[in-house]
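> File name entry-v8.txt; file contents compact mmCIF, N, CA and C atoms; full text below.
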# COMPACT_ATOMS: atom_id res chain seq x y z
N MET A 1 110.55 84.48 96.72
CA MET A 1 110.11 85.85 96.57
C MET A 1 108.59 85.88 96.38
N SER A 2 107.93 86.72 97.13
CA SER A 2 106.47 86.82 97.08
C SER A 2 105.99 87.51 95.81
N THR A 3 104.81 87.11 95.37
CA THR A 3 104.12 87.80 94.30
C THR A 3 103.35 88.94 94.93
N ARG A 4 103.54 90.15 94.42
CA ARG A 4 102.84 91.31 94.99
C ARG A 4 101.52 91.49 94.25
N VAL A 5 100.44 91.50 95.03
CA VAL A 5 99.08 91.57 94.48
C VAL A 5 98.36 92.77 95.07
N LEU A 6 97.69 93.53 94.20
CA LEU A 6 96.84 94.63 94.63
C LEU A 6 95.41 94.28 94.24
N ILE A 7 94.51 94.29 95.21
CA ILE A 7 93.09 94.03 94.97
C ILE A 7 92.36 95.36 95.07
N CYS A 8 91.73 95.76 93.97
CA CYS A 8 91.04 97.04 93.91
C CYS A 8 89.54 96.80 93.71
N ASP A 9 88.79 97.09 94.75
CA ASP A 9 87.33 96.93 94.71
C ASP A 9 86.74 97.84 95.78
N ASP A 10 85.64 98.51 95.48
CA ASP A 10 85.04 99.41 96.46
C ASP A 10 84.31 98.65 97.57
N SER A 11 84.07 97.37 97.37
CA SER A 11 83.38 96.55 98.38
C SER A 11 84.39 95.83 99.26
N LYS A 12 84.32 96.12 100.56
CA LYS A 12 85.21 95.44 101.51
C LYS A 12 84.95 93.94 101.50
N ILE A 13 83.68 93.56 101.36
CA ILE A 13 83.31 92.15 101.33
C ILE A 13 83.93 91.48 100.10
N ALA A 14 83.89 92.14 98.95
CA ALA A 14 84.47 91.57 97.74
C ALA A 14 85.99 91.44 97.87
N ARG A 15 86.64 92.43 98.47
CA ARG A 15 88.10 92.35 98.67
C ARG A 15 88.44 91.17 99.57
N LYS A 16 87.68 91.00 100.64
CA LYS A 16 87.93 89.91 101.58
C LYS A 16 87.66 88.56 100.93
N GLN A 17 86.58 88.46 100.17
CA GLN A 17 86.23 87.21 99.50
C GLN A 17 87.31 86.81 98.50
N LEU A 18 87.81 87.76 97.73
CA LEU A 18 88.86 87.46 96.76
C LEU A 18 90.15 87.03 97.47
N THR A 19 90.48 87.69 98.56
CA THR A 19 91.66 87.31 99.33
C THR A 19 91.53 85.88 99.85
N ARG A 20 90.35 85.52 100.32
CA ARG A 20 90.13 84.18 100.88
C ARG A 20 90.28 83.07 99.84
N ILE A 21 89.99 83.35 98.58
CA ILE A 21 90.05 82.28 97.57
C ILE A 21 91.36 82.26 96.79
N LEU A 22 92.29 83.13 97.14
CA LEU A 22 93.61 83.04 96.49
C LEU A 22 94.20 81.67 96.80
N PRO A 23 94.91 81.08 95.85
CA PRO A 23 95.46 79.74 96.09
C PRO A 23 96.30 79.69 97.37
N THR A 24 96.10 78.63 98.12
CA THR A 24 96.75 78.49 99.42
C THR A 24 98.24 78.25 99.32
N ASP A 25 98.71 77.81 98.16
CA ASP A 25 100.14 77.52 98.00
C ASP A 25 100.87 78.64 97.26
N TRP A 26 100.24 79.78 97.17
CA TRP A 26 100.81 80.92 96.45
C TRP A 26 101.45 81.86 97.45
N ASP A 27 102.75 82.08 97.34
CA ASP A 27 103.47 83.00 98.21
C ASP A 27 103.14 84.41 97.72
N VAL A 28 102.26 85.08 98.44
CA VAL A 28 101.71 86.34 97.96
C VAL A 28 101.68 87.39 99.06
N GLU A 29 101.90 88.62 98.65
CA GLU A 29 101.81 89.79 99.51
C GLU A 29 100.65 90.62 98.95
N VAL A 30 99.61 90.83 99.75
CA VAL A 30 98.38 91.47 99.26
C VAL A 30 98.21 92.87 99.85
N GLU A 31 97.86 93.82 98.98
CA GLU A 31 97.45 95.15 99.41
C GLU A 31 96.11 95.46 98.77
N TYR A 32 95.44 96.48 99.30
CA TYR A 32 94.07 96.79 98.88
C TYR A 32 93.91 98.25 98.49
N ALA A 33 93.00 98.48 97.53
CA ALA A 33 92.59 99.83 97.16
C ALA A 33 91.07 99.81 97.04
N GLU A 34 90.43 100.92 97.45
CA GLU A 34 88.97 100.99 97.44
C GLU A 34 88.39 101.56 96.15
N HIS A 35 89.24 102.14 95.31
CA HIS A 35 88.80 102.66 94.02
C HIS A 35 90.01 102.83 93.12
N GLY A 36 89.75 103.09 91.85
CA GLY A 36 90.83 103.16 90.87
C GLY A 36 91.89 104.21 91.16
N GLN A 37 91.48 105.36 91.64
CA GLN A 37 92.47 106.40 91.92
C GLN A 37 93.42 105.97 93.03
N GLU A 38 92.88 105.33 94.05
CA GLU A 38 93.73 104.84 95.13
C GLU A 38 94.71 103.78 94.59
N ALA A 39 94.22 102.90 93.71
CA ALA A 39 95.10 101.90 93.10
C ALA A 39 96.22 102.56 92.30
N LEU A 40 95.87 103.58 91.52
CA LEU A 40 96.88 104.29 90.72
C LEU A 40 97.91 104.98 91.61
N ASP A 41 97.45 105.55 92.72
CA ASP A 41 98.38 106.19 93.66
C ASP A 41 99.35 105.15 94.24
N ILE A 42 98.84 104.00 94.60
CA ILE A 42 99.68 102.93 95.15
C ILE A 42 100.66 102.43 94.08
N LEU A 43 100.16 102.22 92.87
CA LEU A 43 100.99 101.70 91.78
C LEU A 43 102.05 102.69 91.31
N SER A 44 101.81 103.98 91.54
CA SER A 44 102.81 104.97 91.14
C SER A 44 104.02 104.98 92.07
N SER A 45 103.88 104.39 93.24
CA SER A 45 105.00 104.39 94.18
C SER A 45 105.52 102.99 94.53
N SER A 46 104.84 101.95 94.07
CA SER A 46 105.24 100.57 94.37
C SER A 46 105.02 99.69 93.15
N VAL A 47 105.84 98.67 93.02
CA VAL A 47 105.70 97.72 91.92
C VAL A 47 104.89 96.52 92.38
N PHE A 48 103.90 96.15 91.59
CA PHE A 48 103.06 94.98 91.86
C PHE A 48 103.10 94.07 90.65
N ASP A 49 102.90 92.78 90.90
CA ASP A 49 102.88 91.80 89.83
C ASP A 49 101.50 91.65 89.21
N ILE A 50 100.47 91.70 90.06
CA ILE A 50 99.10 91.49 89.61
C ILE A 50 98.16 92.51 90.26
N LEU A 51 97.24 93.00 89.47
CA LEU A 51 96.17 93.87 89.95
C LEU A 51 94.85 93.19 89.64
N PHE A 52 94.10 92.84 90.68
CA PHE A 52 92.72 92.38 90.51
C PHE A 52 91.86 93.63 90.56
N LEU A 53 91.11 93.90 89.50
CA LEU A 53 90.42 95.18 89.34
C LEU A 53 88.93 95.01 89.08
N ASP A 54 88.13 95.64 89.92
CA ASP A 54 86.68 95.72 89.70
C ASP A 54 86.43 96.78 88.65
N LEU A 55 85.29 96.73 87.99
CA LEU A 55 84.97 97.74 86.98
C LEU A 55 84.13 98.89 87.53
N ASN A 56 83.13 98.58 88.34
CA ASN A 56 82.19 99.59 88.80
C ASN A 56 82.55 100.06 90.20
N MET A 57 83.20 101.24 90.24
CA MET A 57 83.65 101.82 91.52
C MET A 57 83.50 103.34 91.45
N PRO A 58 83.41 103.97 92.61
CA PRO A 58 83.38 105.44 92.63
C PRO A 58 84.77 106.01 92.38
N VAL A 59 84.85 107.30 92.26
CA VAL A 59 86.08 108.09 92.06
C VAL A 59 86.69 107.81 90.70
N LYS A 60 87.25 106.63 90.48
CA LYS A 60 87.79 106.24 89.18
C LYS A 60 87.43 104.76 89.00
N ASP A 61 86.66 104.47 87.94
CA ASP A 61 86.23 103.09 87.74
C ASP A 61 87.32 102.25 87.09
N GLY A 62 87.03 100.99 86.85
CA GLY A 62 88.02 100.08 86.28
C GLY A 62 88.47 100.47 84.89
N TYR A 63 87.54 100.95 84.06
CA TYR A 63 87.90 101.37 82.71
C TYR A 63 88.87 102.56 82.74
N GLU A 64 88.56 103.54 83.58
CA GLU A 64 89.44 104.71 83.72
C GLU A 64 90.81 104.30 84.27
N THR A 65 90.80 103.35 85.17
CA THR A 65 92.06 102.86 85.75
C THR A 65 92.89 102.16 84.69
N LEU A 66 92.27 101.29 83.90
CA LEU A 66 92.99 100.62 82.81
C LEU A 66 93.57 101.64 81.82
N GLU A 67 92.79 102.65 81.51
CA GLU A 67 93.26 103.70 80.59
C GLU A 67 94.48 104.41 81.16
N ALA A 68 94.42 104.77 82.44
CA ALA A 68 95.54 105.47 83.08
C ALA A 68 96.78 104.57 83.16
N LEU A 69 96.59 103.28 83.35
CA LEU A 69 97.73 102.36 83.44
C LEU A 69 98.52 102.28 82.15
N GLN A 70 97.91 102.61 81.04
CA GLN A 70 98.61 102.57 79.75
C GLN A 70 99.77 103.56 79.70
N SER A 71 99.73 104.58 80.54
CA SER A 71 100.82 105.56 80.56
C SER A 71 101.91 105.22 81.57
N PHE A 72 101.73 104.15 82.33
CA PHE A 72 102.73 103.74 83.31
C PHE A 72 103.87 103.02 82.61
N ALA A 73 105.11 103.31 83.01
CA ALA A 73 106.26 102.63 82.44
C ALA A 73 106.24 101.15 82.82
N GLN A 74 105.84 100.87 84.05
CA GLN A 74 105.75 99.49 84.53
C GLN A 74 104.42 99.32 85.23
N SER A 75 103.59 98.44 84.69
CA SER A 75 102.29 98.21 85.33
C SER A 75 102.10 96.70 85.52
N PRO A 76 101.27 96.33 86.48
CA PRO A 76 101.05 94.91 86.76
C PRO A 76 100.17 94.25 85.70
N ALA A 77 100.16 92.94 85.71
CA ALA A 77 99.19 92.20 84.91
C ALA A 77 97.83 92.45 85.55
N VAL A 78 96.86 92.84 84.75
CA VAL A 78 95.54 93.19 85.29
C VAL A 78 94.55 92.07 84.99
N ILE A 79 93.93 91.60 86.06
CA ILE A 79 92.84 90.62 85.96
C ILE A 79 91.59 91.33 86.44
N VAL A 80 90.66 91.57 85.53
CA VAL A 80 89.41 92.22 85.89
C VAL A 80 88.50 91.19 86.54
N VAL A 81 87.94 91.55 87.69
CA VAL A 81 87.00 90.70 88.40
C VAL A 81 85.73 91.52 88.56
N SER A 82 84.69 91.14 87.82
CA SER A 82 83.49 91.98 87.80
C SER A 82 82.24 91.14 87.58
N GLY A 83 81.13 91.70 88.03
CA GLY A 83 79.83 91.09 87.78
C GLY A 83 79.31 91.45 86.40
N ASP A 84 79.92 92.43 85.76
CA ASP A 84 79.51 92.87 84.43
C ASP A 84 80.15 91.95 83.39
N VAL A 85 79.45 90.88 83.04
CA VAL A 85 80.02 89.86 82.17
C VAL A 85 79.50 89.97 80.73
N GLN A 86 79.07 91.15 80.35
CA GLN A 86 78.61 91.35 78.98
C GLN A 86 79.80 91.22 78.03
N PRO A 87 79.60 90.57 76.89
CA PRO A 87 80.71 90.38 75.95
C PRO A 87 81.43 91.68 75.58
N LYS A 88 80.68 92.78 75.44
CA LYS A 88 81.32 94.07 75.10
C LYS A 88 82.25 94.54 76.21
N ALA A 89 81.86 94.34 77.47
CA ALA A 89 82.71 94.74 78.59
C ALA A 89 83.98 93.90 78.61
N ILE A 90 83.84 92.60 78.39
CA ILE A 90 85.01 91.71 78.39
C ILE A 90 85.97 92.09 77.26
N GLU A 91 85.43 92.31 76.09
CA GLU A 91 86.26 92.70 74.94
C GLU A 91 86.94 94.05 75.20
N ARG A 92 86.19 94.98 75.76
CA ARG A 92 86.74 96.31 76.02
C ARG A 92 87.93 96.26 76.98
N VAL A 93 87.80 95.53 78.09
CA VAL A 93 88.91 95.51 79.06
C VAL A 93 90.13 94.78 78.50
N LYS A 94 89.91 93.74 77.72
CA LYS A 94 91.05 93.05 77.10
C LYS A 94 91.75 93.97 76.10
N ASN A 95 90.97 94.75 75.35
CA ASN A 95 91.56 95.72 74.41
C ASN A 95 92.32 96.83 75.14
N MET A 96 91.96 97.05 76.40
CA MET A 96 92.62 98.09 77.20
C MET A 96 93.82 97.55 77.97
N GLY A 97 94.13 96.27 77.80
CA GLY A 97 95.33 95.73 78.40
C GLY A 97 95.16 94.70 79.50
N ALA A 98 93.93 94.40 79.88
CA ALA A 98 93.72 93.36 80.90
C ALA A 98 94.14 92.02 80.32
N VAL A 99 94.80 91.19 81.14
CA VAL A 99 95.23 89.88 80.67
C VAL A 99 94.13 88.84 80.82
N ALA A 100 93.14 89.13 81.66
CA ALA A 100 92.05 88.17 81.86
C ALA A 100 90.84 88.86 82.48
N PHE A 101 89.72 88.18 82.37
CA PHE A 101 88.46 88.64 82.95
C PHE A 101 87.89 87.47 83.74
N HIS A 102 87.51 87.74 84.98
CA HIS A 102 86.95 86.69 85.83
C HIS A 102 85.65 87.21 86.43
N LYS A 103 84.60 86.42 86.36
CA LYS A 103 83.30 86.87 86.85
C LYS A 103 83.23 86.81 88.38
N LYS A 104 82.43 87.73 88.94
CA LYS A 104 82.12 87.72 90.37
C LYS A 104 80.85 86.92 90.58
N PRO A 105 80.71 86.25 91.68
CA PRO A 105 81.77 86.02 92.66
C PRO A 105 82.73 84.97 92.14
N ALA A 106 83.98 85.18 92.39
CA ALA A 106 85.01 84.26 91.91
C ALA A 106 85.00 82.99 92.75
N GLU A 107 85.27 81.88 92.10
CA GLU A 107 85.38 80.58 92.77
C GLU A 107 86.86 80.22 92.86
N ALA A 108 87.26 79.60 93.96
CA ALA A 108 88.67 79.28 94.21
C ALA A 108 89.28 78.42 93.10
N ASP A 109 88.61 77.36 92.70
CA ASP A 109 89.18 76.47 91.69
C ASP A 109 89.30 77.15 90.33
N GLU A 110 88.31 77.98 89.98
CA GLU A 110 88.37 78.71 88.71
C GLU A 110 89.50 79.72 88.72
N LEU A 111 89.67 80.41 89.85
CA LEU A 111 90.74 81.39 89.95
C LEU A 111 92.10 80.70 89.89
N ARG A 112 92.23 79.58 90.56
CA ARG A 112 93.47 78.81 90.52
C ARG A 112 93.81 78.41 89.08
N ALA A 113 92.82 77.89 88.36
CA ALA A 113 93.02 77.48 86.97
C ALA A 113 93.44 78.67 86.10
N LEU A 114 92.81 79.81 86.33
CA LEU A 114 93.17 81.01 85.58
C LEU A 114 94.62 81.41 85.85
N LEU A 115 95.02 81.43 87.11
CA LEU A 115 96.40 81.81 87.46
C LEU A 115 97.42 80.83 86.89
N ILE A 116 97.08 79.56 86.87
CA ILE A 116 97.97 78.56 86.27
C ILE A 116 98.06 78.80 84.76
N SER A 117 96.93 79.06 84.12
CA SER A 117 96.93 79.28 82.66
C SER A 117 97.73 80.52 82.27
N LEU A 118 97.78 81.50 83.16
CA LEU A 118 98.54 82.72 82.89
C LEU A 118 100.02 82.57 83.23
N GLY A 119 100.38 81.42 83.82
CA GLY A 119 101.77 81.20 84.21
C GLY A 119 102.16 81.92 85.48
N THR A 120 101.17 82.43 86.20
CA THR A 120 101.41 83.16 87.44
C THR A 120 101.56 82.22 88.62
N LEU A 121 100.96 81.06 88.50
CA LEU A 121 100.96 80.07 89.58
C LEU A 121 101.27 78.72 88.97
N PHE A 122 102.14 77.99 89.59
CA PHE A 122 102.45 76.65 89.13
C PHE A 122 101.56 75.68 89.87
N ASN A 123 101.17 74.62 89.21
CA ASN A 123 100.26 73.64 89.80
C ASN A 123 100.99 72.85 90.88
N ARG A 124 100.68 73.14 92.14
CA ARG A 124 101.27 72.48 93.29
C ARG A 124 100.16 71.97 94.19
N PRO A 125 100.47 71.05 95.09
CA PRO A 125 99.44 70.58 96.03
C PRO A 125 98.91 71.73 96.88
N LYS A 126 97.64 71.66 97.21
CA LYS A 126 97.00 72.69 98.04
C LYS A 126 97.34 72.50 99.50
N ARG A 127 97.44 73.60 100.24
CA ARG A 127 97.59 73.55 101.70
C ARG A 127 96.21 73.76 102.30
N LYS A 128 96.13 73.66 103.62
CA LYS A 128 94.83 73.78 104.28
C LYS A 128 94.43 75.19 104.64
N SER A 129 95.38 76.10 104.79
CA SER A 129 94.99 77.46 105.17
C SER A 129 95.75 78.48 104.35
N HIS A 130 95.21 79.68 104.31
CA HIS A 130 95.85 80.80 103.62
C HIS A 130 96.71 81.55 104.62
N GLU A 131 97.88 81.93 104.20
CA GLU A 131 98.69 82.81 105.03
C GLU A 131 99.25 83.87 104.10
N TYR A 132 98.85 85.10 104.33
CA TYR A 132 99.25 86.20 103.47
C TYR A 132 99.83 87.33 104.29
N SER A 133 100.70 88.06 103.67
CA SER A 133 101.18 89.29 104.26
C SER A 133 100.27 90.39 103.74
N CYS A 134 99.54 91.03 104.61
CA CYS A 134 98.55 92.02 104.21
C CYS A 134 98.96 93.42 104.64
N ARG A 135 98.57 94.40 103.86
CA ARG A 135 98.89 95.77 104.15
C ARG A 135 98.23 96.24 105.44
N TYR A 136 97.01 95.80 105.67
CA TYR A 136 96.27 96.24 106.85
C TYR A 136 96.27 95.14 107.88
N GLY A 137 97.06 95.28 108.91
CA GLY A 137 97.00 94.35 110.02
C GLY A 137 98.05 93.25 110.00
N GLY A 138 99.11 93.39 109.25
CA GLY A 138 100.19 92.41 109.28
C GLY A 138 99.80 91.08 108.66
N ARG A 139 100.16 90.00 109.30
CA ARG A 139 99.91 88.67 108.77
C ARG A 139 98.48 88.23 109.02
N ALA A 140 97.86 87.65 108.03
CA ALA A 140 96.49 87.18 108.18
C ALA A 140 96.44 85.72 107.80
N VAL A 141 95.75 84.93 108.56
CA VAL A 141 95.59 83.51 108.25
C VAL A 141 94.10 83.23 108.11
N PHE A 142 93.73 82.63 106.99
CA PHE A 142 92.33 82.28 106.72
C PHE A 142 92.24 80.78 106.56
N SER A 143 91.24 80.20 107.14
CA SER A 143 91.02 78.75 106.96
C SER A 143 89.87 78.51 106.02
Please render this file's structure as structure tokens.

Amino acid sequence: MSTRVLICDDSKIARKQLTRILPTDWDVEVEYAEHGQEALDILSSSVFDILFLDLNMPVKDGYETLEALQSFAQSPAVIVVSGDVQPKAIERVKNMGAVAFHKKPAEADELRALLISLGTLFNRPKRKSHEYSCRYGGRAVFS
């Protein structure tokens, strides 16, 4: 069974970069949102296991999104991925329910270690390419 992942970031480049560094041995189904409101709309109609969430976005930022998620009966584990690495920001998102904070740009090995530490990914040998089921454009393979 695939892990359902939603990546929410207003930057297409950041969404693509995060998708490329997801562990290659992780059976994952990835969808994307360009801002917090779009993520909330998607999450209100579908169940996801993990939400990678940027903080600084238009329409509804990461903080507003985390606040809104508190009213959801079922919400994903939230991993904030942001360039805002100030201790107050990190403490604030964790107090709002995020399970982890990861700095941008994310590195593949660091992200893998984080996912293993959260129990989301088991330590398995790496494969050579990424193969994900993506919302936009069907199957995508990244080398």
> Which of segment 2-143 of chain A counts as alpha helix (DSSP H) under DSSP, as a PyMOL selection string please?
chain A and resi 12-21+36-45+62-69+87-95+108-117
> Can you tell me, as a list in words, what residues are no more than 7 Å from segment 89-103 of chain A when counting all atoms listed in the file, ignoring any on the same chain fewer than 5 positions away?
Tyr63, Leu66, Glu67, Ala77, Val78, Ile79, Val80, Val81, Ser82, Gly83 and Asp84 of chain A
> My list of candidates is A:Val5, A:Gln17, A:Gly36, A:Ser117. Which is closest to Asn56 of chain A when distances are computed with all atoms listed in the file?
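Among A:Val5, A:Gln17, A:Gly36, A:Ser117, it is A:Gly36 that comes nearest to Asn56 of chain A.
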> Point out the residue among A:Val85, A:Met1, A:Leu115, A:Met57 with the least atom-to-atom distance to Glu29 of chain A, counting all atoms listed in the file.
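Smallest distance to Glu29 of chain A is found for A:Met1.
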> Could you state the separation of atom N of Ala33 of chain A and atom C of Asp54 of chain A in Å, given to one decimal place?
11.2 Å
> Calculate how many Å separate atom C of Leu114 of chain A from atom C of Thr65 of chain A, rounding to one decimal.
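Pair atom C of Leu114 of chain A / atom C of Thr65 of chain A returns 20.9 Å.
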> Just how far from atom C of Asp41 of chain A is atom C of Lys104 of chain A, in Å to one decimal?
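So the two atoms, atom C of Lys104 of chain A and atom C of Asp41 of chain A, lie 26.2 Å apart.
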> Identify which of the residues A:Ser44, A:Pro105, A:Gln70, A:Ile7 lies closest to Tyr32 of chain A, counting all atoms listed in the file when measuring atom-to-atom distances.
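Of the candidates, the smallest distance to Tyr32 of chain A is held by A:Ile7.
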> In the coordinates of the file, take the point (104.0, 104.4, 86.3) and a cut-off of 7 Å; then, counting all atoms listed in the file, name each qualifying protein, DNA or RNA residue as a PyMOL selection string.
chain A and resi 43-45+71-75
> Using only C-alpha atoms, can you tell me which of A:Phe52, A:His35, A:Thr24, A:Thr3 comes closest to Ala106 of chain A?
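Selected residue with least distance to Ala106 of chain A: A:Phe52.
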> Could you tell me, as a ChimeraX atom specification, which residues of chain A DSSP assigns to strand (DSSP E or B) when given the backbone?
/A:3-8,28-33,50-53,77-82,100-103,130-134,138-142
> Around (99.5, 91.0, 90.1) in the file's own coordinates, what residues are found within 6 Å if you use only N, CA and C atoms, given back as a list in words?
Arg4, Val5, Leu6, Phe48, Asp49, Ile50, Leu51, Phe52, Pro76 and Ala77 of chain A
